[in-house]
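Structure data (TSV, C-alpha atoms (C1' of nucleotides)) from protein05.tsv:
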```tsv
chain	number	residue	atom	x	y	z
A	7	MET	CA	-207.82	-65.34	-5.38
A	8	THR	CA	-205.36	-64.46	-2.66
A	9	LYS	CA	-202.55	-66.89	-2.38
A	10	ASP	CA	-202.91	-68.98	0.71
A	11	THR	CA	-200.40	-68.36	3.44
A	12	SER	CA	-199.25	-71.85	4.11
A	13	ASP	CA	-196.86	-70.79	6.81
A	14	ARG	CA	-199.76	-70.04	9.09
A	15	ASP	CA	-201.33	-73.41	8.60
A	16	VAL	CA	-201.56	-75.71	11.54
A	17	LEU	CA	-203.47	-78.24	9.53
A	18	ASP	CA	-202.21	-79.86	6.43
A	19	ILE	CA	-204.98	-78.84	4.15
A	20	ASP	CA	-204.05	-81.17	1.37
A	21	ALA	CA	-203.83	-84.24	3.55
A	22	PRO	CA	-206.84	-86.48	3.24
A	23	ILE	CA	-209.43	-86.04	5.92
A	24	THR	CA	-209.44	-89.00	8.23
A	25	ILE	CA	-212.30	-89.68	10.57
A	26	GLY	CA	-212.54	-92.88	12.49
A	27	GLY	CA	-209.93	-94.37	10.20
A	28	LEU	CA	-211.80	-93.47	7.03
A	29	HIS	CA	-210.54	-91.13	4.39
A	30	VAL	CA	-213.55	-89.01	3.84
A	31	ASP	CA	-212.10	-87.50	0.72
A	32	VAL	CA	-214.71	-89.45	-1.09
A	33	LEU	CA	-216.94	-86.56	-0.32
A	34	ASP	CA	-214.25	-84.09	-1.22
A	35	GLY	CA	-215.16	-81.74	-3.92
A	36	ALA	CA	-218.63	-82.01	-2.59
A	37	PHE	CA	-219.37	-78.46	-1.72
A	38	SER	CA	-222.68	-79.42	-0.22
A	39	TRP	CA	-221.10	-81.85	2.18
A	40	TYR	CA	-218.82	-79.22	3.67
A	41	ILE	CA	-221.64	-76.77	3.91
A	42	ARG	CA	-223.83	-79.25	5.68
A	43	SER	CA	-221.14	-80.37	8.06
A	44	LEU	CA	-220.09	-76.83	8.79
A	45	ASP	CA	-223.65	-75.83	9.43
A	46	SER	CA	-224.03	-78.66	11.86
A	47	ALA	CA	-220.87	-77.73	13.73
A	48	VAL	CA	-221.54	-74.00	13.70
A	49	SER	CA	-225.09	-74.43	14.89
A	50	ARG	CA	-224.11	-76.72	17.70
A	51	ASP	CA	-221.43	-74.33	18.77
A	52	LEU	CA	-223.71	-71.32	18.66
A	53	ASP	CA	-226.32	-73.17	20.65
A	54	GLN	CA	-223.78	-73.79	23.35
A	55	ARG	CA	-222.55	-70.24	23.41
A	56	MET	CA	-226.08	-68.90	23.60
A	57	ALA	CA	-227.42	-71.48	26.00
A	58	HIS	CA	-228.05	-68.80	28.60
A	59	LEU	CA	-230.15	-66.67	26.26
A	60	ASP	CA	-233.82	-67.11	25.43
A	61	VAL	CA	-233.04	-67.15	21.72
A	62	ALA	CA	-230.87	-70.22	22.04
A	63	LYS	CA	-231.63	-73.39	20.15
A	64	GLY	CA	-232.66	-72.31	16.74
A	65	LYS	CA	-231.20	-70.42	13.85
A	66	GLY	CA	-234.57	-68.88	13.16
A	67	LYS	CA	-234.93	-67.05	16.43
A	68	ILE	CA	-231.54	-65.42	16.20
A	69	THR	CA	-232.00	-64.11	12.70
A	70	ALA	CA	-235.51	-62.93	13.46
A	71	LEU	CA	-234.36	-61.07	16.54
A	72	LEU	CA	-231.54	-59.34	14.69
A	73	LEU	CA	-233.87	-58.45	11.85
A	74	VAL	CA	-236.39	-56.83	14.14
A	75	ASP	CA	-233.60	-55.04	15.91
A	76	ASP	CA	-232.34	-53.60	12.65
A	77	TYR	CA	-235.70	-52.94	11.04
A	78	PRO	CA	-238.27	-51.47	13.43
A	79	GLY	CA	-241.74	-52.17	12.10
A	80	VAL	CA	-240.70	-55.10	9.93
A	81	ARG	CA	-243.47	-57.54	9.04
A	82	PRO	CA	-243.56	-61.23	9.82
A	83	SER	CA	-243.91	-62.01	6.13
A	84	GLN	CA	-240.67	-60.20	5.44
A	85	VAL	CA	-238.98	-62.12	8.19
A	86	ALA	CA	-240.33	-65.30	6.70
A	87	GLU	CA	-238.79	-64.49	3.36
A	88	VAL	CA	-235.38	-63.93	4.87
A	89	LEU	CA	-235.62	-67.07	6.94
A	90	MET	CA	-236.82	-69.07	3.95
A	91	ARG	CA	-239.60	-70.48	6.07
A	92	ASP	CA	-243.33	-70.44	5.63
A	93	ARG	CA	-245.55	-68.12	7.59
A	94	PRO	CA	-246.69	-70.55	10.23
A	95	ALA	CA	-243.12	-71.43	11.14
A	96	THR	CA	-242.16	-67.79	11.22
A	97	GLY	CA	-245.18	-66.87	13.28
A	98	ARG	CA	-244.23	-69.40	15.90
A	99	ILE	CA	-240.69	-68.15	16.04
A	100	ILE	CA	-242.02	-64.66	16.64
A	101	ASP	CA	-244.35	-66.07	19.27
A	102	THR	CA	-241.43	-67.23	21.33
A	103	LEU	CA	-239.67	-63.89	20.95
A	104	VAL	CA	-242.80	-62.07	22.07
A	105	LYS	CA	-243.33	-64.45	24.95
A	106	ALA	CA	-239.73	-63.89	26.01
A	107	GLY	CA	-240.32	-60.17	25.98
A	108	ASP	CA	-237.79	-59.44	23.26
A	109	VAL	CA	-240.20	-58.34	20.57
A	110	ARG	CA	-243.47	-56.40	20.54
A	111	ARG	CA	-246.26	-56.96	18.03
A	112	GLU	CA	-248.35	-54.09	16.74
A	113	THR	CA	-250.83	-53.98	13.93
A	114	ASP	CA	-249.50	-52.11	10.98
A	115	ALA	CA	-251.08	-48.70	10.74
A	116	GLU	CA	-251.45	-48.85	6.97
A	117	ASP	CA	-252.63	-52.41	6.68
A	118	GLN	CA	-254.81	-53.83	9.39
A	119	ARG	CA	-254.04	-57.35	8.30
A	120	ALA	CA	-250.33	-57.00	8.83
A	121	GLN	CA	-248.23	-56.63	11.91
A	122	ALA	CA	-245.33	-54.36	12.67
A	123	LEU	CA	-242.65	-55.84	14.87
A	124	PHE	CA	-240.56	-53.81	17.27
A	125	ILE	CA	-237.67	-54.68	19.49
A	126	THR	CA	-238.03	-54.14	23.21
A	127	GLU	CA	-235.36	-52.79	25.44
A	128	ARG	CA	-234.65	-56.25	26.66
A	129	GLY	CA	-234.65	-57.60	23.11
A	130	HIS	CA	-232.15	-55.00	22.04
A	131	ALA	CA	-229.83	-55.98	24.84
A	132	VAL	CA	-230.15	-59.61	23.83
A	133	ALA	CA	-229.47	-58.73	20.21
A	134	GLU	CA	-226.30	-56.95	21.23
A	135	GLU	CA	-225.16	-59.96	23.16
A	136	VAL	CA	-225.98	-62.22	20.24
A	137	ARG	CA	-223.89	-60.09	17.93
A	138	GLN	CA	-221.07	-60.23	20.40
A	139	ILE	CA	-221.25	-64.01	20.51
A	140	ILE	CA	-221.35	-64.28	16.75
A	141	ARG	CA	-218.33	-62.05	16.45
A	142	ALA	CA	-216.49	-64.13	19.01
A	143	GLN	CA	-217.26	-67.34	17.18
A	144	GLU	CA	-216.22	-65.73	13.95
A	145	GLU	CA	-212.92	-64.72	15.43
A	146	GLU	CA	-212.21	-68.08	16.90
A	147	PHE	CA	-213.01	-70.09	13.82
A	148	PHE	CA	-211.25	-67.84	11.39
A	149	ASP	CA	-208.07	-67.37	13.33
A	150	PHE	CA	-206.34	-69.78	11.01
A	151	ILE	CA	-207.13	-67.82	7.87
A	152	ALA	CA	-205.29	-64.68	6.96
A	153	PRO	CA	-207.45	-61.53	6.90
A	154	ASP	CA	-207.23	-61.23	3.14
A	155	ASP	CA	-208.31	-64.80	2.62
A	156	ARG	CA	-211.04	-64.38	5.16
A	157	ARG	CA	-212.38	-61.44	3.24
A	158	GLU	CA	-212.29	-63.41	0.05
A	159	PHE	CA	-213.92	-66.40	1.65
A	160	MET	CA	-216.79	-64.32	2.93
A	161	ARG	CA	-217.24	-62.84	-0.51
A	162	MET	CA	-217.45	-66.29	-2.01
A	163	LEU	CA	-219.97	-67.39	0.56
A	164	LYS	CA	-222.09	-64.38	-0.17
A	165	ARG	CA	-222.00	-64.96	-3.89
A	166	ALA	CA	-222.82	-68.60	-3.50
A	167	TYR	CA	-225.72	-67.68	-1.30
A	168	LEU	CA	-227.03	-65.13	-3.77
A	169	ASN	CA	-226.64	-67.51	-6.65
A	170	MET	CA	-228.43	-70.29	-4.86
A	171	ARG	CA	-231.19	-68.03	-3.77
A	172	LYS	CA	-231.65	-66.60	-7.22
A	173	LYS	CA	-231.99	-70.03	-8.74
A	174	ARG	CA	-234.43	-71.26	-6.18
A	175	LEU	CA	-236.86	-68.37	-6.16
B	21	MET	CA	-227.32	-51.69	14.90
B	22	THR	CA	-223.69	-51.94	15.79
B	23	LYS	CA	-222.07	-52.90	12.55
B	24	ASP	CA	-218.68	-51.35	12.35
B	25	THR	CA	-217.65	-49.95	9.02
B	26	SER	CA	-214.80	-52.35	8.43
B	27	ASP	CA	-217.20	-55.25	8.48
B	28	ARG	CA	-219.50	-53.53	6.10
B	29	ASP	CA	-216.73	-52.80	3.70
B	30	VAL	CA	-215.88	-56.45	3.67
B	31	LEU	CA	-219.39	-57.36	2.67
B	32	ASP	CA	-220.21	-54.54	0.37
B	33	ILE	CA	-217.85	-55.79	-2.31
B	34	ASP	CA	-220.89	-56.71	-4.33
B	35	ALA	CA	-224.33	-55.20	-4.28
B	36	PRO	CA	-226.12	-55.45	-0.95
B	37	ILE	CA	-228.37	-58.43	-0.50
B	38	THR	CA	-231.97	-57.38	-0.63
B	39	ILE	CA	-234.75	-59.69	0.43
B	40	GLY	CA	-238.28	-58.51	0.78
B	41	GLY	CA	-237.03	-54.96	0.72
B	42	LEU	CA	-234.52	-55.51	3.51
B	43	HIS	CA	-230.81	-55.16	3.15
B	44	VAL	CA	-229.81	-58.32	4.85
B	45	ASP	CA	-226.11	-57.89	5.00
B	46	VAL	CA	-226.49	-54.80	7.05
B	47	LEU	CA	-228.22	-57.09	9.45
B	48	ASP	CA	-225.82	-59.90	9.86
B	49	GLY	CA	-222.85	-60.26	7.59
B	50	ALA	CA	-221.71	-63.17	9.65
B	51	PHE	CA	-220.00	-66.28	8.51
B	52	SER	CA	-222.43	-68.42	10.46
B	53	TRP	CA	-225.41	-66.78	8.86
B	54	TYR	CA	-224.21	-67.52	5.36
B	55	ILE	CA	-223.36	-71.06	6.33
B	56	ARG	CA	-226.77	-71.62	7.79
B	57	SER	CA	-228.62	-70.06	4.93
B	58	LEU	CA	-226.54	-71.87	2.37
B	59	ASP	CA	-227.11	-75.14	4.13
B	60	SER	CA	-230.82	-74.55	4.06
B	61	ALA	CA	-230.81	-73.71	0.37
B	62	VAL	CA	-228.45	-76.50	-0.61
B	63	SER	CA	-230.37	-79.09	1.35
B	64	ARG	CA	-233.67	-78.07	-0.10
B	65	ASP	CA	-232.21	-78.16	-3.56
B	66	LEU	CA	-230.66	-81.56	-3.05
B	67	ASP	CA	-233.91	-82.89	-1.66
B	68	GLN	CA	-235.66	-81.82	-4.81
B	69	ARG	CA	-233.07	-83.27	-7.10
B	70	MET	CA	-233.15	-86.56	-5.24
B	71	ALA	CA	-236.87	-86.69	-4.67
B	72	HIS	CA	-237.13	-89.80	-6.80
B	73	LEU	CA	-234.52	-91.68	-4.77
B	74	ASP	CA	-235.06	-93.51	-1.50
B	75	VAL	CA	-232.22	-91.58	0.12
B	76	ALA	CA	-233.96	-88.26	-0.36
B	77	LYS	CA	-234.78	-85.99	2.55
B	78	GLY	CA	-231.81	-86.05	4.81
B	79	LYS	CA	-228.14	-85.37	4.66
B	80	GLY	CA	-227.44	-88.34	6.86
B	81	LYS	CA	-228.70	-90.97	4.46
B	82	ILE	CA	-226.71	-89.66	1.54
B	83	THR	CA	-223.43	-89.51	3.39
B	84	ALA	CA	-224.00	-92.90	4.95
B	85	LEU	CA	-224.76	-94.46	1.59
B	86	LEU	CA	-221.65	-93.02	-0.03
B	87	LEU	CA	-219.55	-94.12	2.89
B	88	VAL	CA	-220.75	-97.69	2.72
B	89	ASP	CA	-220.27	-97.66	-1.01
B	90	ASP	CA	-216.66	-96.59	-0.62
B	91	TYR	CA	-215.83	-98.63	2.43
B	92	PRO	CA	-217.19	-102.15	2.30
B	93	GLY	CA	-217.42	-103.51	5.81
B	94	VAL	CA	-217.53	-100.13	7.48
B	95	ARG	CA	-219.06	-100.05	10.96
B	96	PRO	CA	-222.04	-98.01	12.07
B	97	SER	CA	-219.92	-96.38	14.77
B	98	GLN	CA	-217.55	-95.11	12.12
B	99	VAL	CA	-220.42	-93.78	10.12
B	100	ALA	CA	-221.71	-92.08	13.24
B	101	GLU	CA	-218.43	-90.32	13.73
B	102	VAL	CA	-218.40	-88.95	10.21
B	103	LEU	CA	-222.02	-87.86	10.48
B	104	MET	CA	-221.40	-86.27	13.87
B	105	ARG	CA	-224.49	-88.00	15.19
B	106	ASP	CA	-224.97	-90.37	18.05
B	107	ARG	CA	-225.36	-94.10	17.56
B	108	PRO	CA	-229.14	-94.25	17.80
B	109	ALA	CA	-229.57	-91.64	15.10
B	110	THR	CA	-227.03	-93.38	12.91
B	111	GLY	CA	-228.58	-96.75	13.49
B	112	ARG	CA	-231.93	-95.48	12.32
B	113	ILE	CA	-230.42	-93.96	9.23
B	114	ILE	CA	-228.88	-97.30	8.42
B	115	ASP	CA	-232.23	-98.94	9.12
B	116	THR	CA	-233.83	-96.98	6.33
B	117	LEU	CA	-230.99	-97.83	3.95
B	118	VAL	CA	-231.33	-101.50	4.79
B	119	LYS	CA	-235.09	-101.36	4.46
B	120	ALA	CA	-234.70	-99.73	1.07
B	121	GLY	CA	-232.39	-102.53	0.01
B	122	ASP	CA	-229.38	-100.30	-0.51
B	123	VAL	CA	-227.25	-101.63	2.31
B	124	ARG	CA	-226.70	-105.03	3.89
B	125	ARG	CA	-225.84	-105.63	7.53
B	126	GLU	CA	-223.49	-108.39	8.58
B	127	THR	CA	-221.90	-109.06	11.89
B	128	ASP	CA	-218.22	-108.26	11.88
B	129	ALA	CA	-216.16	-111.46	11.72
B	130	GLU	CA	-213.59	-110.18	14.18
B	131	ASP	CA	-215.92	-108.57	16.65
B	132	GLN	CA	-219.28	-110.15	17.22
B	133	ARG	CA	-220.60	-106.96	18.78
B	134	ALA	CA	-220.01	-104.89	15.73
B	135	GLN	CA	-221.59	-104.86	12.31
B	136	ALA	CA	-220.05	-104.69	8.90
B	137	LEU	CA	-222.02	-102.75	6.33
B	138	PHE	CA	-222.02	-103.60	2.65
B	139	ILE	CA	-223.52	-101.90	-0.34
B	140	THR	CA	-225.97	-103.85	-2.43
B	141	GLU	CA	-226.14	-103.79	-6.18
B	142	ARG	CA	-229.09	-101.53	-5.99
B	143	GLY	CA	-227.38	-99.36	-3.40
B	144	HIS	CA	-224.35	-98.97	-5.59
B	145	ALA	CA	-226.49	-97.80	-8.46
B	146	VAL	CA	-228.19	-95.30	-6.19
B	147	ALA	CA	-224.82	-94.10	-4.93
B	148	GLU	CA	-223.70	-93.49	-8.46
B	149	GLU	CA	-226.78	-91.50	-9.20
B	150	VAL	CA	-226.33	-89.52	-6.02
B	151	ARG	CA	-222.78	-88.64	-6.99
B	152	GLN	CA	-224.04	-87.56	-10.36
B	153	ILE	CA	-226.61	-85.31	-8.79
B	154	ILE	CA	-224.10	-83.81	-6.41
B	155	ARG	CA	-221.74	-83.12	-9.28
B	156	ALA	CA	-224.54	-81.49	-11.22
B	157	GLN	CA	-225.51	-79.27	-8.33
B	158	GLU	CA	-221.89	-78.41	-7.82
B	159	GLU	CA	-221.53	-77.44	-11.43
B	160	GLU	CA	-224.61	-75.31	-11.47
B	161	PHE	CA	-223.73	-73.76	-8.19
B	162	PHE	CA	-220.24	-72.73	-9.08
B	163	ASP	CA	-220.81	-71.59	-12.61
B	164	PHE	CA	-220.16	-68.07	-11.49
B	165	ILE	CA	-216.74	-68.79	-10.03
B	166	ALA	CA	-213.63	-69.37	-12.08
B	167	PRO	CA	-212.16	-72.87	-11.71
B	168	ASP	CA	-209.11	-71.63	-9.82
B	169	ASP	CA	-211.17	-69.65	-7.37
B	170	ARG	CA	-213.51	-72.55	-7.05
B	171	ARG	CA	-210.66	-74.76	-5.98
B	172	GLU	CA	-209.50	-72.16	-3.53
B	173	PHE	CA	-212.97	-71.76	-2.12
B	174	MET	CA	-213.17	-75.47	-1.57
B	175	ARG	CA	-209.87	-75.38	0.27
B	176	MET	CA	-211.24	-72.71	2.53
B	177	LEU	CA	-214.31	-74.74	3.24
B	178	LYS	CA	-212.22	-77.76	3.99
B	179	ARG	CA	-210.00	-75.79	6.32
B	180	ALA	CA	-212.92	-74.28	8.13
B	181	TYR	CA	-214.38	-77.72	8.49
B	182	LEU	CA	-211.17	-79.23	9.83
B	183	ASN	CA	-210.65	-76.38	12.22
B	184	MET	CA	-214.19	-76.58	13.48
B	185	ARG	CA	-213.91	-80.28	13.92
B	186	LYS	CA	-210.62	-80.04	15.73
B	187	LYS	CA	-211.98	-77.55	18.22
B	188	ARG	CA	-215.17	-79.38	18.90
B	189	LEU	CA	-213.95	-82.92	19.30
C	30	DT	C1'	-270.67	-55.29	-4.13
C	31	DT	C1'	-269.07	-59.49	-4.73
C	32	DA	C1'	-264.78	-62.19	-5.75
C	33	DA	C1'	-260.03	-62.87	-5.29
C	34	DA	C1'	-255.78	-62.08	-3.08
C	35	DT	C1'	-253.05	-61.21	1.12
C	36	DA	C1'	-251.46	-61.46	6.32
C	37	DG	C1'	-251.45	-64.13	9.92
C	38	DT	C1'	-253.19	-68.14	12.99
C	39	DT	C1'	-254.35	-72.87	14.30
C	40	DG	C1'	-254.22	-77.82	13.71
C	41	DT	C1'	-251.89	-81.82	12.49
C	42	DG	C1'	-248.56	-85.07	11.10
C	43	DA	C1'	-243.97	-86.38	9.79
C	44	DA	C1'	-239.07	-86.36	10.59
C	45	DA	C1'	-234.80	-85.31	12.98
C	46	DT	C1'	-232.33	-85.29	17.24
C	47	DG	C1'	-230.72	-86.27	21.87
C	48	DC	C1'	-230.79	-88.78	26.16
C	49	DA	C1'	-231.33	-92.73	29.10
C	50	DA	C1'	-231.75	-97.47	29.62
C	51	DC	C1'	-231.06	-101.96	27.86
C	52	DT	C1'	-228.79	-106.42	25.58
C	53	DG	C1'	-224.97	-108.91	24.17
C	54	DA	C1'	-219.94	-109.28	23.35
C	55	DA	C1'	-215.10	-108.31	24.34
C	56	DT	C1'	-211.52	-106.98	27.61
C	57	DC	C1'	-209.20	-106.06	31.83
C	58	DG	C1'	-207.77	-106.98	36.69
C	59	DT	C1'	-207.17	-109.94	40.11
D	6	DA	C1'	-210.80	-118.33	35.11
D	7	DC	C1'	-214.21	-115.16	36.60
D	8	DG	C1'	-216.38	-110.90	37.75
D	9	DA	C1'	-216.43	-106.00	36.56
D	10	DT	C1'	-215.97	-102.72	33.17
D	11	DT	C1'	-216.09	-101.09	28.62
D	12	DC	C1'	-217.89	-101.11	24.00
D	13	DA	C1'	-221.38	-101.75	19.82
D	14	DG	C1'	-225.73	-101.39	18.77
D	15	DT	C1'	-230.91	-101.17	19.85
D	16	DT	C1'	-235.17	-99.53	21.92
D	17	DG	C1'	-238.06	-96.14	24.07
D	18	DC	C1'	-239.21	-91.61	24.84
D	19	DA	C1'	-239.46	-86.67	24.86
D	20	DT	C1'	-238.43	-82.49	22.34
D	21	DT	C1'	-238.03	-79.70	18.52
D	22	DT	C1'	-238.69	-78.43	13.81
D	23	DC	C1'	-241.15	-77.87	9.78
D	24	DA	C1'	-244.35	-78.19	5.99
D	25	DC	C1'	-249.02	-78.43	4.43
D	26	DA	C1'	-253.98	-77.52	4.79
D	27	DA	C1'	-257.74	-75.07	6.56
D	28	DC	C1'	-259.45	-71.03	8.77
D	29	DT	C1'	-260.30	-65.74	10.03
D	30	DA	C1'	-259.82	-61.07	8.92
D	31	DT	C1'	-258.58	-57.33	5.86
D	32	DT	C1'	-257.57	-55.29	1.53
D	33	DT	C1'	-257.88	-54.90	-3.42
D	34	DA	C1'	-259.97	-55.77	-7.98
D	35	DA	C1'	-263.58	-56.70	-11.25
```

Kindly present the structure from the file in structure tokens form.
Amino acid sequence: MTKDTSDRDVLDIDAPITIGGLHVDVLDGAFSWYIRSLDSAVSRDLDQRMAHLDVAKGKGKITALLLVDDYPGVRPSQVAEVLMRDRPATGRIIDTLVKAGDVRRETDAEDQRAQALFITERGHAVAEEVRQIIRAQEEEFFDFIAPDDRREFMRMLKRAYLNMRKKRL
Amino acid sequence: MTKDTSDRDVLDIDAPITIGGLHVDVLDGAFSWYIRSLDSAVSRDLDQRMAHLDVAKGKGKITALLLVDDYPGVRPSQVAEVLMRDRPATGRIIDTLVKAGDVRRETDAEDQRAQALFITERGHAVAEEVRQIIRAQEEEFFDFIAPDDRREFMRMLKRAYLNMRKKRL
DNA sequence: TTAAATAGTTGTGAAATGCAACTGAATCGT
DNA sequence: ACGATTCAGTTGCATTTCACAACTATTTAA
């Protein structure tokens, strides 16, 4: 992997993590702990940044909105699979998007049981703003990692995600 | 759909992620999305692996237990800080640990307001098993990454975590 | 043509989280 | 030394999230 550029570091990465006087290194090497903590921090931060939008407060809504924006006519069941949620949960997420006027439900022409989801004009605008916010967060939280390392990090995340998903499904 | 090509190149190192017929990385490709999805997958997986333990279902309980195991006499407020939760939430987590017989509450000798938490024999055994499970998950999870890269990936995670924490607190 | 599978909805209960208000203990200012 | 303020933890409550089960409607298979 790319050698880390220590000269850019503001934080001493090898120093033990100290929180409230405790060296949390106990949990070091615990991949899952970092993931969970990062998720918590990232989610909180995103919620704040998106507080003014109707998709705020919930990772599900954001992903669903972006999915519909990218895939006109996508089905709720497909959204559910991406979200790793069951259909009821997904249906309710879509409910809020529809109620907010960001997404439109139609019955799929080929299968009367299914629905086809479409983004509205308003929803598209919101999606654009969401992407903007995500990019901004990305930029801010990665400013301490060199571009090459950032690229590599993202690649690792993706592989980890794929691996996990493969094993669980 | 406003994904610029440089972003796509970053993500298209490996084959595109396909879920339910959708190419998901065209959709998002964002750090936060991977983090969130990974958290979801990791948590679910950990819950399953720990289903037989009384600390199952919840990242808070696990971290709290390990903390108390490593720091005899630790205070709930310190635990709260590590967990990034408020005191009520932390208190209730500790409640369940106490009720399960894994942790013992004492009043701090130096400060009558505060508590000192201690692991019980049972709790220590559970903590050991938890560590075992975490190590196992880790091993299984990373089997596709070479040890060196694994170490580097962990450093990245740790950095991201520290940076996030620094900016938010 | 009936039976089974699929898409989505509704109902319900459990769990996590966050805020405000409260008790009791320590500390600070005068 | 005493009253006010701060701090540690608890209780109550309101909100959100999520999974599971049961239900309707449509499609597919036997």

- [ ] Check every residue of chain C for an atom within 8 Å of chain B, counting only C-alpha atoms (C1' of nucleotides), and provide those that qualify as a VMD selection string.
- [x] chain C and resid 46 53 to 55

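Residues from chain D that have an atom within 10 Å of chain A, counting all atoms listed in the file, are DT21, DT22, DC23, DA24, DC25, DA30, DT31 and DT32 of chain D.
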
Using C-alpha atoms (C1' of nucleotides), can you export the residues from the last selection as a PDB file, in the frame of the given file?
```pdb
ATOM      1  C1'  DT D  21    -238.030 -79.700  18.520  1.00  0.00           C
ATOM      2  C1'  DT D  22    -238.690 -78.430  13.810  1.00  0.00           C
ATOM      3  C1'  DC D  23    -241.150 -77.870   9.780  1.00  0.00           C
ATOM      4  C1'  DA D  24    -244.350 -78.190   5.990  1.00  0.00           C
ATOM      5  C1'  DC D  25    -249.020 -78.430   4.430  1.00  0.00           C
ATOM      6  C1'  DA D  30    -259.820 -61.070   8.920  1.00  0.00           C
ATOM      7  C1'  DT D  31    -258.580 -57.330   5.860  1.00  0.00           C
ATOM      8  C1'  DT D  32    -257.570 -55.290   1.530  1.00  0.00           C
TER       9       DT D  32
END
```

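Going from CA of Arg170 in chain B over to CA of Ser60 in chain B, you cover 20.7 Å.
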
Taking only C-alpha atoms into account, produce a table as CSV in which each residue of chain A with an atom at most 6 Å from an atom of chain B appears once, together with its shortest atom pair and the distance in Å to one decimal, ordered by chain and rising number.
```
residue,atom,partner,partner_atom,distance
A:Met7,CA,B:Asp169,CA,5.8
A:Gly26,CA,B:Gln98,CA,5.5
A:Ile41,CA,B:Asp59,CA,5.7
A:Arg42,CA,B:Asp59,CA,5.5
A:Leu44,CA,B:Tyr181,CA,5.8
A:Asp45,CA,B:Arg56,CA,5.5
A:Asp76,CA,B:Met21,CA,5.8
A:Gln84,CA,B:Gly40,CA,5.5
A:Tyr167,CA,B:Leu58,CA,5.6
```

| message | as number ranges by chain, please: the residues near DG40 in chain C (cut-off 12 Å, all atoms listed in the file, same-chain neighbours under 2 positions excluded). | response | A: 94; C: 38, 42; D: 25-28

Is it possible to add N, CA and C atoms to range 146-158 of chain B and hand it back as a compact mmCIF listing (two decimals), keeping the file's coordinate frame?
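File written: result-v1.txt
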```txt
# COMPACT_ATOMS: atom_id res chain seq x y z
N VAL B 146 -227.68 -96.54 -6.79
CA VAL B 146 -228.19 -95.30 -6.19
C VAL B 146 -227.04 -94.36 -5.86
N ALA B 147 -225.97 -94.92 -5.30
CA ALA B 147 -224.82 -94.10 -4.93
C ALA B 147 -224.26 -93.38 -6.15
N GLU B 148 -224.21 -94.11 -7.24
CA GLU B 148 -223.70 -93.49 -8.46
C GLU B 148 -224.57 -92.32 -8.89
N GLU B 149 -225.85 -92.56 -8.80
CA GLU B 149 -226.78 -91.50 -9.20
C GLU B 149 -226.65 -90.30 -8.26
N VAL B 150 -226.49 -90.59 -7.00
CA VAL B 150 -226.33 -89.52 -6.02
C VAL B 150 -225.09 -88.69 -6.34
N ARG B 151 -224.01 -89.37 -6.65
CA ARG B 151 -222.78 -88.64 -6.99
C ARG B 151 -223.00 -87.76 -8.21
N GLN B 152 -223.73 -88.31 -9.14
CA GLN B 152 -224.04 -87.56 -10.36
C GLN B 152 -224.79 -86.29 -10.02
N ILE B 153 -225.79 -86.45 -9.18
CA ILE B 153 -226.61 -85.31 -8.79
C ILE B 153 -225.79 -84.26 -8.05
N ILE B 154 -224.94 -84.73 -7.16
CA ILE B 154 -224.10 -83.81 -6.41
C ILE B 154 -223.17 -83.04 -7.35
N ARG B 155 -222.61 -83.78 -8.31
CA ARG B 155 -221.74 -83.12 -9.28
C ARG B 155 -222.50 -82.07 -10.06
N ALA B 156 -223.72 -82.42 -10.44
CA ALA B 156 -224.54 -81.49 -11.22
C ALA B 156 -224.83 -80.22 -10.42
N GLN B 157 -225.21 -80.42 -9.17
CA GLN B 157 -225.51 -79.27 -8.33
C GLN B 157 -224.27 -78.40 -8.19
N GLU B 158 -223.17 -79.07 -7.95
CA GLU B 158 -221.89 -78.41 -7.82
C GLU B 158 -221.62 -77.51 -9.03
```
